[in-house]
Amino acid sequence: MTNAIDWYFDPISPFAYLAFERLPRALPADVSVRYVPLLFAGLLRHWGNVGPAEIAPKRRFTFEHVAWIAHRDGTPLAMPAVHPFNPLPLLRLAVALELEGRLSHATLAPVFRFVWQQGHVPRQQAEFDALCGALGVPTAALAQDAVKARLRENGDEALARGVFGVPTAALQGDAEGLLFWGLDALDMLTARLAQDPFFASDAFRAAAALPVGAGRADAPAGNPAARGR
């Protein structure tokens, strides 16, 4: 089994932040991580979905849940000034680091913590410029065509693998193409890395092969639960 994973993220997601902070403790020391920034909104658009912050009762629960998890785990947390916000400047900053071969847990930490520990959003220009400066990336570099193109390529790569949300981890070279979505899937990911025999069991295979029964006529096209499409 490979000891390298691709980790798809968007700093707009509080669960991506919480998972990011937990990764060094959750993963074995010999596992390498390729961090892949992508636009979460692009996934939502492709799959005909909406984000948790776009449904009022779910939005409230999401942030209450995030606050509770951070409290339980002792993870520093400060809510951003507003949410949702436009994450593109942060994503392009991460991509600029990626193109320079400098995107790592150490360099990505200030990007996540800019939002989820300091409570900033990218439209706070002075604070964002300071973040870019601290990471050694000129703000003007974020407008380069190469940066924009790589961000689109990252999104296309994720969609080709079936990624539908963030954070999502995928094992490099995994012939079965398993995806591990969300903070709650970290334990599942570490079990897969440890070659837990459950993943070869009939019970696990049956879960993936569960037939679709009743569907909704108004489900998005391409959704397995869409009826008559």
# chains A, B, ... in the order shown; residues from 1 in each chain; ligands from 1
>>> select_by_dssp(residues="stretch 6-177 of chain A", states="strand (DSSP E or B)", output="ChimeraX atom specification")
/A:6-9,32-37,168-171
>>> write_last_selection(atoms="N, CA and C atoms", output="mmCIF file, in the first residue's frame")
data_model
loop_
_atom_site.group_PDB
_atom_site.id
_atom_site.type_symbol
_atom_site.label_atom_id
_atom_site.label_comp_id
_atom_site.auth_asym_id
_atom_site.auth_seq_id
_atom_site.Cartn_x
_atom_site.Cartn_y
_atom_site.Cartn_z
ATOM 1 N N ASP A 6 -2.946 12.314 -1.616
ATOM 2 C CA ASP A 6 -3.315 13.624 -2.143
ATOM 3 C C ASP A 6 -4.426 14.162 -1.250
ATOM 4 N N TRP A 7 -4.281 15.383 -0.798
ATOM 5 C CA TRP A 7 -5.247 15.967 0.145
ATOM 6 C C TRP A 7 -5.828 17.231 -0.484
ATOM 7 N N TYR A 8 -7.092 17.143 -0.880
ATOM 8 C CA TYR A 8 -7.779 18.230 -1.572
ATOM 9 C C TYR A 8 -8.460 19.140 -0.543
ATOM 10 N N PHE A 9 -8.283 20.443 -0.706
ATOM 11 C CA PHE A 9 -8.782 21.358 0.325
ATOM 12 C C PHE A 9 -9.139 22.710 -0.267
ATOM 13 N N SER A 32 3.630 10.686 3.294
ATOM 14 C CA SER A 32 3.809 12.011 2.699
ATOM 15 C C SER A 32 2.473 12.518 2.168
ATOM 16 N N VAL A 33 2.297 13.819 2.213
ATOM 17 C CA VAL A 33 1.036 14.443 1.806
ATOM 18 C C VAL A 33 1.311 15.443 0.686
ATOM 19 N N ARG A 34 0.579 15.292 -0.400
ATOM 20 C CA ARG A 34 0.566 16.303 -1.467
ATOM 21 C C ARG A 34 -0.682 17.146 -1.259
ATOM 22 N N TYR A 35 -0.507 18.406 -0.937
ATOM 23 C CA TYR A 35 -1.625 19.306 -0.680
ATOM 24 C C TYR A 35 -2.112 19.889 -2.007
ATOM 25 N N VAL A 36 -3.420 19.773 -2.257
ATOM 26 C CA VAL A 36 -3.986 20.171 -3.548
ATOM 27 C C VAL A 36 -5.091 21.209 -3.321
ATOM 28 N N PRO A 37 -4.796 22.496 -3.521
ATOM 29 C CA PRO A 37 -5.833 23.526 -3.367
ATOM 30 C C PRO A 37 -6.809 23.502 -4.534
ATOM 31 N N THR A 168 -10.829 16.195 1.197
ATOM 32 C CA THR A 168 -10.873 14.814 0.721
ATOM 33 C C THR A 168 -9.451 14.316 0.538
ATOM 34 N N ALA A 169 -9.193 13.119 1.027
ATOM 35 C CA ALA A 169 -7.895 12.474 0.841
ATOM 36 C C ALA A 169 -8.053 11.287 -0.091
ATOM 37 N N ALA A 170 -7.033 11.051 -0.897
ATOM 38 C CA ALA A 170 -6.992 9.891 -1.783
ATOM 39 C C ALA A 170 -5.580 9.337 -1.764
ATOM 40 N N LEU A 171 -5.469 8.022 -1.699
ATOM 41 C CA LEU A 171 -4.153 7.399 -1.710
ATOM 42 C C LEU A 171 -3.606 7.398 -3.128
#
>>> atom_distance(atom1="atom CA of A:Leu183", atom2="atom CA of A:Phe15")
5.9 Å
>>> closest_residue(among="A:Thr2, A:Thr75, A:Asn154, A:Ser201", to="A:Pro14", atoms="only C-alpha atoms")
A:Thr75
>>> residues_around(residues="stretch 43-55 of chain A", least_positions_apart="4", cutoff="6 Å", atoms="only C-alpha atoms", output="list in words")
Arg59, Phe164 and Pro220 of chain A
>>> write_last_selection(atoms="N, CA and C atoms", output="CSV table (one decimal), in the first residue's frame")
chain,number,residue,atom,x,y,z
A,59,ARG,N,-26.3,25.9,8.4
A,59,ARG,CA,-25.2,26.9,8.6
A,59,ARG,C,-25.0,27.1,10.1
A,164,PHE,N,-16.0,15.3,-4.3
A,164,PHE,CA,-17.3,16.1,-4.2
A,164,PHE,C,-17.3,17.1,-3.1
A,220,PRO,N,-30.6,16.5,-9.0
A,220,PRO,CA,-29.7,17.0,-10.1
A,220,PRO,C,-29.4,15.9,-11.1
>>> closest_residue(among="A:Val31, A:Leu93, A:Ala200, A:Ala78", to="A:Gly133", atoms="only C-alpha atoms")
A:Leu93
>>> residues_around(residues="A:Val95", least_positions_apart="4", cutoff="9 Å", atoms="only C-alpha atoms", output="PyMOL selection string")
chain A and resi 36-38+90-91+99-100+103+142+147-148+150-151
>>> write_last_selection(atoms="C-alpha atoms", output="PDB file, in the first residue's frame")
ATOM      1  CA  VAL A  36      -3.986  20.171  -3.548  1.00  0.00           C
ATOM      2  CA  PRO A  37      -5.833  23.526  -3.367  1.00  0.00           C
ATOM      3  CA  LEU A  38      -9.111  23.708  -5.265  1.00  0.00           C
ATOM      4  CA  LEU A  90      -6.008  32.267  -0.493  1.00  0.00           C
ATOM      5  CA  LEU A  91      -6.266  29.457  -3.034  1.00  0.00           C
ATOM      6  CA  LEU A  99       4.241  26.030  -8.298  1.00  0.00           C
ATOM      7  CA  GLU A 100       7.392  27.028  -6.419  1.00  0.00           C
ATOM      8  CA  LEU A 103       3.541  23.977  -0.479  1.00  0.00           C
ATOM      9  CA  LEU A 142      -1.428  35.660  -7.673  1.00  0.00           C
ATOM     10  CA  VAL A 147      -1.459  30.277 -11.074  1.00  0.00           C
ATOM     11  CA  LYS A 148      -5.017  30.517 -12.371  1.00  0.00           C
ATOM     12  CA  ARG A 150      -3.056  25.325 -12.067  1.00  0.00           C
ATOM     13  CA  LEU A 151      -6.014  26.031  -9.807  1.00  0.00           C
TER      14      LEU A 151
END
>>> select_by_dssp(residues="stretch 6-225 of chain A", states="helix (DSSP H, G or I)", output="PDB file with C-alpha atoms, in the first residue's frame")
ATOM      1  CA  PRO A  14     -13.766  24.915   8.723  1.00  0.00           C
ATOM      2  CA  PHE A  15     -13.656  21.131   8.605  1.00  0.00           C
ATOM      3  CA  ALA A  16     -10.671  21.322   6.266  1.00  0.00           C
ATOM      4  CA  TYR A  17      -8.981  23.536   8.860  1.00  0.00           C
ATOM      5  CA  LEU A  18      -9.759  21.149  11.715  1.00  0.00           C
ATOM      6  CA  ALA A  19      -8.556  18.167   9.686  1.00  0.00           C
ATOM      7  CA  PHE A  20      -5.412  20.045   8.634  1.00  0.00           C
ATOM      8  CA  GLU A  21      -4.527  20.742  12.261  1.00  0.00           C
ATOM      9  CA  ARG A  22      -5.059  17.080  13.119  1.00  0.00           C
ATOM     10  CA  LEU A  23      -3.143  15.568  10.182  1.00  0.00           C
ATOM     11  CA  PRO A  24       0.338  15.520  11.764  1.00  0.00           C
ATOM     12  CA  ARG A  25      -1.004  13.582  14.753  1.00  0.00           C
ATOM     13  CA  ALA A  26      -3.328  11.330  12.768  1.00  0.00           C
ATOM     14  CA  PHE A  40     -14.975  24.145  -3.311  1.00  0.00           C
ATOM     15  CA  ALA A  41     -17.640  26.135  -5.157  1.00  0.00           C
ATOM     16  CA  GLY A  42     -16.535  24.438  -8.372  1.00  0.00           C
ATOM     17  CA  LEU A  43     -17.269  21.036  -6.856  1.00  0.00           C
ATOM     18  CA  LEU A  44     -20.688  22.216  -5.711  1.00  0.00           C
ATOM     19  CA  ARG A  45     -21.473  23.560  -9.161  1.00  0.00           C
ATOM     20  CA  HIS A  46     -20.382  20.350 -10.883  1.00  0.00           C
ATOM     21  CA  TRP A  47     -22.382  18.027  -8.625  1.00  0.00           C
ATOM     22  CA  PRO A  52     -23.505  23.810   4.321  1.00  0.00           C
ATOM     23  CA  ALA A  53     -23.395  27.578   4.848  1.00  0.00           C
ATOM     24  CA  GLU A  54     -26.070  28.054   2.164  1.00  0.00           C
ATOM     25  CA  ALA A  56     -29.748  28.527   7.134  1.00  0.00           C
ATOM     26  CA  PRO A  57     -30.381  25.859   9.825  1.00  0.00           C
ATOM     27  CA  LYS A  58     -27.438  23.789   8.583  1.00  0.00           C
ATOM     28  CA  ARG A  59     -25.216  26.865   8.632  1.00  0.00           C
ATOM     29  CA  ARG A  60     -25.990  27.483  12.297  1.00  0.00           C
ATOM     30  CA  PHE A  61     -25.378  23.861  13.251  1.00  0.00           C
ATOM     31  CA  THR A  62     -22.196  23.701  11.181  1.00  0.00           C
ATOM     32  CA  PHE A  63     -20.547  26.549  13.035  1.00  0.00           C
ATOM     33  CA  GLU A  64     -21.827  25.371  16.417  1.00  0.00           C
ATOM     34  CA  HIS A  65     -20.434  21.916  15.629  1.00  0.00           C
ATOM     35  CA  VAL A  66     -17.119  23.364  14.500  1.00  0.00           C
ATOM     36  CA  ALA A  67     -16.868  25.395  17.715  1.00  0.00           C
ATOM     37  CA  TRP A  68     -17.632  22.290  19.762  1.00  0.00           C
ATOM     38  CA  ILE A  69     -15.041  20.131  17.973  1.00  0.00           C
ATOM     39  CA  ALA A  70     -12.373  22.802  18.403  1.00  0.00           C
ATOM     40  CA  HIS A  71     -13.255  23.095  22.108  1.00  0.00           C
ATOM     41  CA  ARG A  72     -13.207  19.318  22.567  1.00  0.00           C
ATOM     42  CA  ASP A  73      -9.890  18.858  20.785  1.00  0.00           C
ATOM     43  CA  LEU A  88      -9.744  32.695  -4.419  1.00  0.00           C
ATOM     44  CA  PRO A  89      -6.882  34.882  -3.122  1.00  0.00           C
ATOM     45  CA  LEU A  90      -6.008  32.267  -0.493  1.00  0.00           C
ATOM     46  CA  LEU A  91      -6.266  29.457  -3.034  1.00  0.00           C
ATOM     47  CA  ARG A  92      -4.054  31.301  -5.500  1.00  0.00           C
ATOM     48  CA  LEU A  93      -1.548  31.945  -2.726  1.00  0.00           C
ATOM     49  CA  ALA A  94      -1.448  28.211  -2.008  1.00  0.00           C
ATOM     50  CA  VAL A  95      -1.097  27.478  -5.731  1.00  0.00           C
ATOM     51  CA  ALA A  96       1.773  29.967  -6.018  1.00  0.00           C
ATOM     52  CA  LEU A  97       3.526  28.058  -3.243  1.00  0.00           C
ATOM     53  CA  GLU A  98       2.697  24.810  -5.038  1.00  0.00           C
ATOM     54  CA  LEU A  99       4.241  26.030  -8.298  1.00  0.00           C
ATOM     55  CA  HIS A 105       2.138  21.700   6.090  1.00  0.00           C
ATOM     56  CA  ALA A 106       4.469  24.398   7.391  1.00  0.00           C
ATOM     57  CA  THR A 107       3.701  26.908   4.625  1.00  0.00           C
ATOM     58  CA  LEU A 108       0.008  26.062   4.418  1.00  0.00           C
ATOM     59  CA  ALA A 109      -0.535  26.524   8.152  1.00  0.00           C
ATOM     60  CA  PRO A 110      -0.454  30.356   7.981  1.00  0.00           C
ATOM     61  CA  VAL A 111      -3.019  30.267   5.158  1.00  0.00           C
ATOM     62  CA  PHE A 112      -5.542  28.232   7.149  1.00  0.00           C
ATOM     63  CA  ARG A 113      -4.810  30.077  10.377  1.00  0.00           C
ATOM     64  CA  PHE A 114      -5.250  33.465   8.686  1.00  0.00           C
ATOM     65  CA  VAL A 115      -8.961  32.610   8.555  1.00  0.00           C
ATOM     66  CA  TRP A 116      -9.604  30.147  11.359  1.00  0.00           C
ATOM     67  CA  GLN A 125      -6.186  43.751   2.046  1.00  0.00           C
ATOM     68  CA  ALA A 126      -3.565  44.921   4.533  1.00  0.00           C
ATOM     69  CA  GLU A 127      -3.744  41.678   6.487  1.00  0.00           C
ATOM     70  CA  PHE A 128      -3.726  39.594   3.315  1.00  0.00           C
ATOM     71  CA  ASP A 129      -0.729  41.480   1.914  1.00  0.00           C
ATOM     72  CA  ALA A 130       1.097  40.796   5.178  1.00  0.00           C
ATOM     73  CA  LEU A 131       0.310  37.082   4.866  1.00  0.00           C
ATOM     74  CA  CYS A 132       1.691  36.989   1.324  1.00  0.00           C
ATOM     75  CA  GLY A 133       4.789  38.860   2.448  1.00  0.00           C
ATOM     76  CA  ALA A 134       5.391  36.478   5.332  1.00  0.00           C
ATOM     77  CA  THR A 139       0.664  39.701  -4.143  1.00  0.00           C
ATOM     78  CA  ALA A 140       0.967  40.484  -7.854  1.00  0.00           C
ATOM     79  CA  ALA A 141       2.063  36.893  -8.519  1.00  0.00           C
ATOM     80  CA  LEU A 142      -1.428  35.660  -7.673  1.00  0.00           C
ATOM     81  CA  ALA A 143      -2.779  37.164 -10.895  1.00  0.00           C
ATOM     82  CA  ASP A 145      -2.001  32.970 -15.746  1.00  0.00           C
ATOM     83  CA  ALA A 146       0.035  29.976 -14.554  1.00  0.00           C
ATOM     84  CA  VAL A 147      -1.459  30.277 -11.074  1.00  0.00           C
ATOM     85  CA  LYS A 148      -5.017  30.517 -12.371  1.00  0.00           C
ATOM     86  CA  ALA A 149      -4.462  27.608 -14.769  1.00  0.00           C
ATOM     87  CA  ARG A 150      -3.056  25.325 -12.067  1.00  0.00           C
ATOM     88  CA  LEU A 151      -6.014  26.031  -9.807  1.00  0.00           C
ATOM     89  CA  ARG A 152      -8.369  25.000 -12.611  1.00  0.00           C
ATOM     90  CA  GLU A 153      -6.261  21.898 -13.284  1.00  0.00           C
ATOM     91  CA  ASN A 154      -6.441  20.935  -9.626  1.00  0.00           C
ATOM     92  CA  GLY A 155     -10.225  21.167  -9.760  1.00  0.00           C
ATOM     93  CA  ASP A 156     -10.371  19.085 -12.932  1.00  0.00           C
ATOM     94  CA  GLU A 157      -8.108  16.473 -11.366  1.00  0.00           C
ATOM     95  CA  ALA A 158     -10.317  16.264  -8.300  1.00  0.00           C
ATOM     96  CA  LEU A 159     -13.511  15.917 -10.340  1.00  0.00           C
ATOM     97  CA  ALA A 160     -11.926  13.171 -12.440  1.00  0.00           C
ATOM     98  CA  LEU A 183     -12.772  15.331   9.204  1.00  0.00           C
ATOM     99  CA  ASP A 184     -14.621  12.210  10.337  1.00  0.00           C
ATOM    100  CA  ALA A 185     -12.885  10.058   7.704  1.00  0.00           C
ATOM    101  CA  LEU A 186      -9.387  10.533   9.146  1.00  0.00           C
ATOM    102  CA  ASP A 187      -9.685   7.336  11.185  1.00  0.00           C
ATOM    103  CA  MET A 188     -10.861   5.480   8.084  1.00  0.00           C
ATOM    104  CA  LEU A 189      -7.902   6.855   6.135  1.00  0.00           C
ATOM    105  CA  THR A 190      -5.381   5.748   8.735  1.00  0.00           C
ATOM    106  CA  ALA A 191      -6.982   2.296   8.809  1.00  0.00           C
ATOM    107  CA  ARG A 192      -6.620   2.062   5.033  1.00  0.00           C
ATOM    108  CA  LEU A 193      -2.977   3.116   5.265  1.00  0.00           C
ATOM    109  CA  PRO A 197      -8.457  -6.203   6.226  1.00  0.00           C
ATOM    110  CA  PHE A 198     -11.968  -4.759   6.475  1.00  0.00           C
ATOM    111  CA  PHE A 199     -11.403  -2.957   3.176  1.00  0.00           C
ATOM    112  CA  ALA A 200     -11.188  -6.345   1.439  1.00  0.00           C
ATOM    113  CA  ASP A 202     -17.600  -8.581   1.658  1.00  0.00           C
ATOM    114  CA  ALA A 203     -19.280  -6.073   3.977  1.00  0.00           C
ATOM    115  CA  PHE A 204     -17.188  -3.188   2.670  1.00  0.00           C
ATOM    116  CA  ARG A 205     -17.617  -4.176  -0.968  1.00  0.00           C
ATOM    117  CA  ALA A 206     -21.371  -4.533  -0.472  1.00  0.00           C
ATOM    118  CA  ALA A 207     -21.543  -0.980   0.865  1.00  0.00           C
ATOM    119  CA  ALA A 208     -20.167   0.357  -2.418  1.00  0.00           C
TER     120      ALA A 208
END
>>> decode(residues="stretch 61-110 of chain A", atoms="C-alpha atoms", output="mmCIF file, in the first residue's frame")
data_model
loop_
_atom_site.group_PDB
_atom_site.id
_atom_site.type_symbol
_atom_site.label_atom_id
_atom_site.label_comp_id
_atom_site.auth_asym_id
_atom_site.auth_seq_id
_atom_site.Cartn_x
_atom_site.Cartn_y
_atom_site.Cartn_z
ATOM 1 C CA PHE A 61 -25.378 23.861 13.251
ATOM 2 C CA THR A 62 -22.196 23.701 11.181
ATOM 3 C CA PHE A 63 -20.547 26.549 13.035
ATOM 4 C CA GLU A 64 -21.827 25.371 16.417
ATOM 5 C CA HIS A 65 -20.434 21.916 15.629
ATOM 6 C CA VAL A 66 -17.119 23.364 14.500
ATOM 7 C CA ALA A 67 -16.868 25.395 17.715
ATOM 8 C CA TRP A 68 -17.632 22.290 19.762
ATOM 9 C CA ILE A 69 -15.041 20.131 17.973
ATOM 10 C CA ALA A 70 -12.373 22.802 18.403
ATOM 11 C CA HIS A 71 -13.255 23.095 22.108
ATOM 12 C CA ARG A 72 -13.207 19.318 22.567
ATOM 13 C CA ASP A 73 -9.890 18.858 20.785
ATOM 14 C CA GLY A 74 -8.170 21.947 22.131
ATOM 15 C CA THR A 75 -7.732 23.356 18.630
ATOM 16 C CA PRO A 76 -7.421 27.162 18.475
ATOM 17 C CA LEU A 77 -10.393 28.667 16.639
ATOM 18 C CA ALA A 78 -11.641 32.139 15.801
ATOM 19 C CA MET A 79 -14.539 32.514 13.410
ATOM 20 C CA PRO A 80 -13.790 34.658 10.343
ATOM 21 C CA ALA A 81 -15.278 38.117 9.990
ATOM 22 C CA VAL A 82 -17.840 36.774 7.502
ATOM 23 C CA HIS A 83 -18.686 33.427 5.947
ATOM 24 C CA PRO A 84 -18.977 32.482 3.155
ATOM 25 C CA PHE A 85 -16.247 34.663 1.668
ATOM 26 C CA ASN A 86 -14.314 34.621 -1.595
ATOM 27 C CA PRO A 87 -11.421 32.176 -1.025
ATOM 28 C CA LEU A 88 -9.744 32.695 -4.419
ATOM 29 C CA PRO A 89 -6.882 34.882 -3.122
ATOM 30 C CA LEU A 90 -6.008 32.267 -0.493
ATOM 31 C CA LEU A 91 -6.266 29.457 -3.034
ATOM 32 C CA ARG A 92 -4.054 31.301 -5.500
ATOM 33 C CA LEU A 93 -1.548 31.945 -2.726
ATOM 34 C CA ALA A 94 -1.448 28.211 -2.008
ATOM 35 C CA VAL A 95 -1.097 27.478 -5.731
ATOM 36 C CA ALA A 96 1.773 29.967 -6.018
ATOM 37 C CA LEU A 97 3.526 28.058 -3.243
ATOM 38 C CA GLU A 98 2.697 24.810 -5.038
ATOM 39 C CA LEU A 99 4.241 26.030 -8.298
ATOM 40 C CA GLU A 100 7.392 27.028 -6.419
ATOM 41 C CA GLY A 101 7.593 23.583 -4.806
ATOM 42 C CA ARG A 102 7.053 25.115 -1.370
ATOM 43 C CA LEU A 103 3.541 23.977 -0.479
ATOM 44 C CA SER A 104 3.830 21.974 2.732
ATOM 45 C CA HIS A 105 2.138 21.700 6.090
ATOM 46 C CA ALA A 106 4.469 24.398 7.391
ATOM 47 C CA THR A 107 3.701 26.908 4.625
ATOM 48 C CA LEU A 108 0.008 26.062 4.418
ATOM 49 C CA ALA A 109 -0.535 26.524 8.152
ATOM 50 C CA PRO A 110 -0.454 30.356 7.981
#
